[in-house]
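Q: Structure file query-v3.pdb, PDB, C-alpha atoms, is pasted below:
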```
ATOM      1  CA  MET A   1     -60.512 -61.162  92.222
ATOM      2  CA  SER A   2     -62.286 -63.602  89.972
ATOM      3  CA  GLY A   3     -64.079 -66.549  91.517
ATOM      4  CA  GLY A   4     -61.605 -69.040  90.080
ATOM      5  CA  ALA A   5     -58.574 -67.139  91.311
ATOM      6  CA  THR A   6     -60.160 -66.758  94.735
ATOM      7  CA  ALA A   7     -60.798 -70.504  94.931
ATOM      8  CA  ALA A   8     -57.245 -71.334  93.927
ATOM      9  CA  LEU A   9     -55.750 -68.955  96.456
ATOM     10  CA  LYS A  10     -58.017 -70.057  99.325
ATOM     11  CA  GLY A  11     -58.322 -73.766  98.691
ATOM     12  CA  HIS A  12     -55.393 -75.647  97.304
ATOM     13  CA  GLY A  13     -52.926 -72.829  96.976
ATOM     14  CA  ALA A  14     -51.748 -71.248  93.805
ATOM     15  CA  LEU A  15     -48.706 -71.621  91.631
ATOM     16  CA  ILE A  16     -45.872 -69.402  90.526
ATOM     17  CA  SER A  17     -45.126 -69.637  86.834
ATOM     18  CA  VAL A  18     -41.852 -68.686  85.167
ATOM     19  CA  ILE A  19     -41.006 -67.560  81.653
ATOM     20  CA  GLY A  20     -37.255 -67.305  81.522
ATOM     21  CA  ASP A  21     -33.898 -68.383  80.273
ATOM     22  CA  GLU A  22     -32.585 -71.829  81.154
ATOM     23  CA  THR A  23     -30.613 -70.664  84.199
ATOM     24  CA  THR A  24     -33.548 -68.778  85.709
ATOM     25  CA  VAL A  25     -36.115 -71.511  85.130
ATOM     26  CA  THR A  26     -33.750 -74.222  86.369
ATOM     27  CA  GLY A  27     -33.163 -72.266  89.578
ATOM     28  CA  PHE A  28     -36.876 -71.938  90.229
ATOM     29  CA  LEU A  29     -37.486 -75.601  89.377
ATOM     30  CA  LEU A  30     -34.791 -76.611  91.857
ATOM     31  CA  ALA A  31     -36.593 -74.445  94.434
ATOM     32  CA  GLY A  32     -39.712 -76.523  93.847
ATOM     33  CA  ILE A  33     -42.065 -74.443  91.697
ATOM     34  CA  GLY A  34     -42.411 -76.994  88.882
ATOM     35  CA  GLU A  35     -45.941 -78.329  88.446
ATOM     36  CA  LYS A  36     -48.211 -79.940  85.883
ATOM     37  CA  ASN A  37     -51.981 -79.634  86.073
ATOM     38  CA  ALA A  38     -54.594 -82.268  85.200
ATOM     39  CA  LYS A  39     -54.255 -81.313  81.518
ATOM     40  CA  MET A  40     -50.478 -81.943  81.807
ATOM     41  CA  GLU A  41     -49.743 -78.240  81.271
ATOM     42  CA  SER A  42     -46.576 -77.071  82.996
ATOM     43  CA  ASN A  43     -46.177 -73.736  84.760
ATOM     44  CA  PHE A  44     -42.897 -72.747  83.131
ATOM     45  CA  LEU A  45     -41.359 -71.981  79.753
ATOM     46  CA  ILE A  46     -37.643 -72.115  79.039
ATOM     47  CA  VAL A  47     -36.790 -69.513  76.412
ATOM     48  CA  ASP A  48     -33.701 -69.851  74.247
ATOM     49  CA  ASN A  49     -32.569 -68.330  70.958
ATOM     50  CA  LYS A  50     -34.798 -70.769  69.040
ATOM     51  CA  THR A  51     -37.988 -69.861  70.929
ATOM     52  CA  THR A  52     -40.347 -67.782  68.800
ATOM     53  CA  VAL A  53     -42.121 -64.678  70.036
ATOM     54  CA  SER A  54     -45.454 -66.386  69.355
ATOM     55  CA  THR A  55     -44.455 -69.242  71.694
ATOM     56  CA  ILE A  56     -43.667 -66.712  74.432
ATOM     57  CA  GLU A  57     -46.956 -64.906  73.765
ATOM     58  CA  ASP A  58     -48.891 -68.174  73.915
ATOM     59  CA  ALA A  59     -47.267 -69.139  77.223
ATOM     60  CA  PHE A  60     -48.044 -65.738  78.741
ATOM     61  CA  LYS A  61     -51.650 -65.864  77.542
ATOM     62  CA  SER A  62     -52.021 -69.389  78.910
ATOM     63  CA  PHE A  63     -50.453 -68.599  82.306
ATOM     64  CA  SER A  64     -52.443 -65.369  82.663
ATOM     65  CA  THR A  65     -55.771 -67.147  82.185
ATOM     66  CA  ARG A  66     -55.170 -70.184  84.392
ATOM     67  CA  ASP A  67     -57.018 -70.189  87.717
ATOM     68  CA  ASP A  68     -54.224 -72.074  89.476
ATOM     69  CA  ILE A  69     -51.503 -69.451  88.846
ATOM     70  CA  ALA A  70     -51.096 -66.449  91.160
ATOM     71  CA  VAL A  71     -47.751 -65.019  89.986
ATOM     72  CA  ILE A  72     -46.012 -64.934  86.617
ATOM     73  CA  LEU A  73     -42.265 -64.278  86.793
ATOM     74  CA  ILE A  74     -40.669 -63.262  83.515
ATOM     75  CA  ASN A  75     -37.093 -62.300  82.733
ATOM     76  CA  GLN A  76     -37.118 -58.648  81.773
ATOM     77  CA  PHE A  77     -35.209 -59.185  78.538
ATOM     78  CA  ILE A  78     -37.882 -61.706  77.500
ATOM     79  CA  ALA A  79     -40.648 -59.349  78.633
ATOM     80  CA  GLU A  80     -39.318 -56.881  76.079
ATOM     81  CA  GLU A  81     -40.307 -59.364  73.353
ATOM     82  CA  ILE A  82     -43.958 -59.286  74.472
ATOM     83  CA  ARG A  83     -44.080 -55.732  75.847
ATOM     84  CA  HIS A  84     -47.299 -55.058  73.912
ATOM     85  CA  LEU A  85     -49.061 -57.795  75.919
ATOM     86  CA  LEU A  86     -47.617 -56.724  79.258
ATOM     87  CA  ASP A  87     -48.497 -53.060  78.739
ATOM     88  CA  ASN A  88     -52.123 -54.038  78.134
ATOM     89  CA  TYR A  89     -52.329 -56.567  80.981
ATOM     90  CA  THR A  90     -54.349 -55.130  83.878
ATOM     91  CA  LYS A  91     -55.479 -58.069  86.020
ATOM     92  CA  PRO A  92     -54.209 -58.120  89.600
ATOM     93  CA  ILE A  93     -54.007 -61.929  89.636
ATOM     94  CA  PRO A  94     -51.943 -63.469  88.318
ATOM     95  CA  THR A  95     -49.496 -60.729  89.167
ATOM     96  CA  VAL A  96     -46.708 -60.244  86.633
ATOM     97  CA  LEU A  97     -43.224 -59.503  87.916
ATOM     98  CA  GLU A  98     -40.253 -58.760  85.695
ATOM     99  CA  ILE A  99     -37.021 -60.154  87.077
ATOM    100  CA  PRO A 100     -33.353 -59.922  86.042
ATOM    101  CA  SER A 101     -31.374 -62.785  84.632
ATOM    102  CA  LYS A 102     -27.742 -63.695  85.089
ATOM    103  CA  ASP A 103     -26.764 -62.064  81.801
ATOM    104  CA  HIS A 104     -29.295 -59.196  81.691
ATOM    105  CA  PRO A 105     -29.547 -56.793  84.655
ATOM    106  CA  TYR A 106     -32.883 -55.337  85.760
ATOM    107  CA  ASP A 107     -33.781 -51.909  84.319
ATOM    108  CA  SER A 108     -36.622 -50.227  86.224
ATOM    109  CA  ALA A 109     -37.216 -47.855  83.284
ATOM    110  CA  LYS A 110     -38.451 -50.804  81.194
ATOM    111  CA  ASP A 111     -40.752 -52.400  83.811
ATOM    112  CA  SER A 112     -44.369 -51.774  82.740
ATOM    113  CA  ILE A 113     -45.802 -52.733  86.140
ATOM    114  CA  LEU A 114     -43.468 -50.339  87.952
ATOM    115  CA  LYS A 115     -44.318 -47.580  85.465
ATOM    116  CA  ARG A 116     -48.032 -48.150  86.118
ATOM    117  CA  ALA A 117     -47.506 -48.062  89.885
ATOM    118  CA  LYS A 118     -45.532 -44.820  89.641
ATOM    119  CA  THR A 119     -48.330 -43.133  87.693
ATOM    120  CA  MET A 120     -50.894 -44.290  90.260
ATOM    121  CA  PHE A 121     -48.933 -42.797  93.157
ATOM    122  CA  SER A 122     -47.431 -39.702  91.538
ATOM    123  CA  ALA A 123     -48.853 -36.267  92.307
ATOM    124  CA  GLU A 124     -50.688 -34.639  89.451
TER
END
```
Show this structure as structure tokens.
A:
Amino acid sequence: MSGGATAALKGHGALISVIGDETTVTGFLLAGIGEKNAKMESNFLIVDNKTTVSTIEDAFKSFSTRDDIAVILINQFIAEEIRHLLDNYTKPIPTVLEIPSKDHPYDSAKDSILKRAKTMFSAE
């Protein structure tokens, strides 16, 4: 773990960030995950049909480099838009988890983290 991530996890706690559709993000915000840091950066991105892929990429890059974030939750159908970034992401913290949405069920065949875990534990 990097020094910054270690400090965040030990000291003041760490955040969960969410990249998702309005229903998913609203649910997590109602559960209390919403936060803004000293730079007034939030820990969530609501994605709709007007959100560009570059905006999603920028949010993922930002969340994945922040020392105060331990987990990034992303709707799987949105993860498909930035699959190239997720497939190349190897840091253990923040951990990236692909989750279903109300309108898009989870497909384990598309989950890059699950694929990586299967290759680590499969017999050769």
Q: Under the rule that only C-alpha atoms are counted, which of A:Thr90, A:Phe28, A:Leu85, A:Ala79 is the nearest residue to A:Asp107?
A: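 So, comparing all the options, the nearest one is A:Ala79.
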Q: For the structure shown, which residues end up in the PyMOL selection byres ((chain A and resi 53-65) around 8)? Put them as a PyMOL selection string, please?
A: chain A and resi 17+19+43+45+47+51-52+66-67+69+72+81-82+85+93-94
Q: Could you check which of A:Ser112, A:Thr26, A:Thr119, A:Ser42 is closest to A:Leu86, using only C-alpha atoms?
A: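 Among the listed residues, A:Ser112 lies closest to A:Leu86.
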Q: Separation of atom CA of A:Asn49 and atom CA of A:Leu15, in Å?
A: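 Taking atom CA of A:Asn49 as the start and atom CA of A:Leu15 as the end point, the length is 26.4 Å.
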Q: One number please: atom CA of A:Asp111 to atom CA of A:Ala31, in Å, one decimal.
A: 24.8 Å
Q: For A:Gln76, which residue among A:Asp48, A:Asp21, A:Glu41, A:Glu35 is the nearest when counting all atoms listed in the file?
A: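 Ranked by minimum distance to A:Gln76, first place goes to A:Asp21.
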Q: Got a sec: who's within 12 Å of A:Leu114, counting all atoms listed in the file, leaving out chain neighbours fewer than 4 positions off, as a CSV table (one decimal) with C-alpha atoms, in the coordinates of the input?
A:
```csv
chain,number,residue,atom,x,y,z
A,86,LEU,CA,-47.6,-56.7,79.3
A,87,ASP,CA,-48.5,-53.1,78.7
A,96,VAL,CA,-46.7,-60.2,86.6
A,97,LEU,CA,-43.2,-59.5,87.9
A,98,GLU,CA,-40.3,-58.8,85.7
A,99,ILE,CA,-37.0,-60.2,87.1
A,106,TYR,CA,-32.9,-55.3,85.8
A,107,ASP,CA,-33.8,-51.9,84.3
A,108,SER,CA,-36.6,-50.2,86.2
A,109,ALA,CA,-37.2,-47.9,83.3
A,110,LYS,CA,-38.5,-50.8,81.2
A,118,LYS,CA,-45.5,-44.8,89.6
A,119,THR,CA,-48.3,-43.1,87.7
A,120,MET,CA,-50.9,-44.3,90.3
A,121,PHE,CA,-48.9,-42.8,93.2
A,122,SER,CA,-47.4,-39.7,91.5
```
Q: Could you please determine the separation between atom CA of A:Leu30 and atom CA of A:Glu80 in Å, to one decimal place?
A: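 For atom CA of A:Leu30 relative to atom CA of A:Glu80, the distance reads 25.7 Å.
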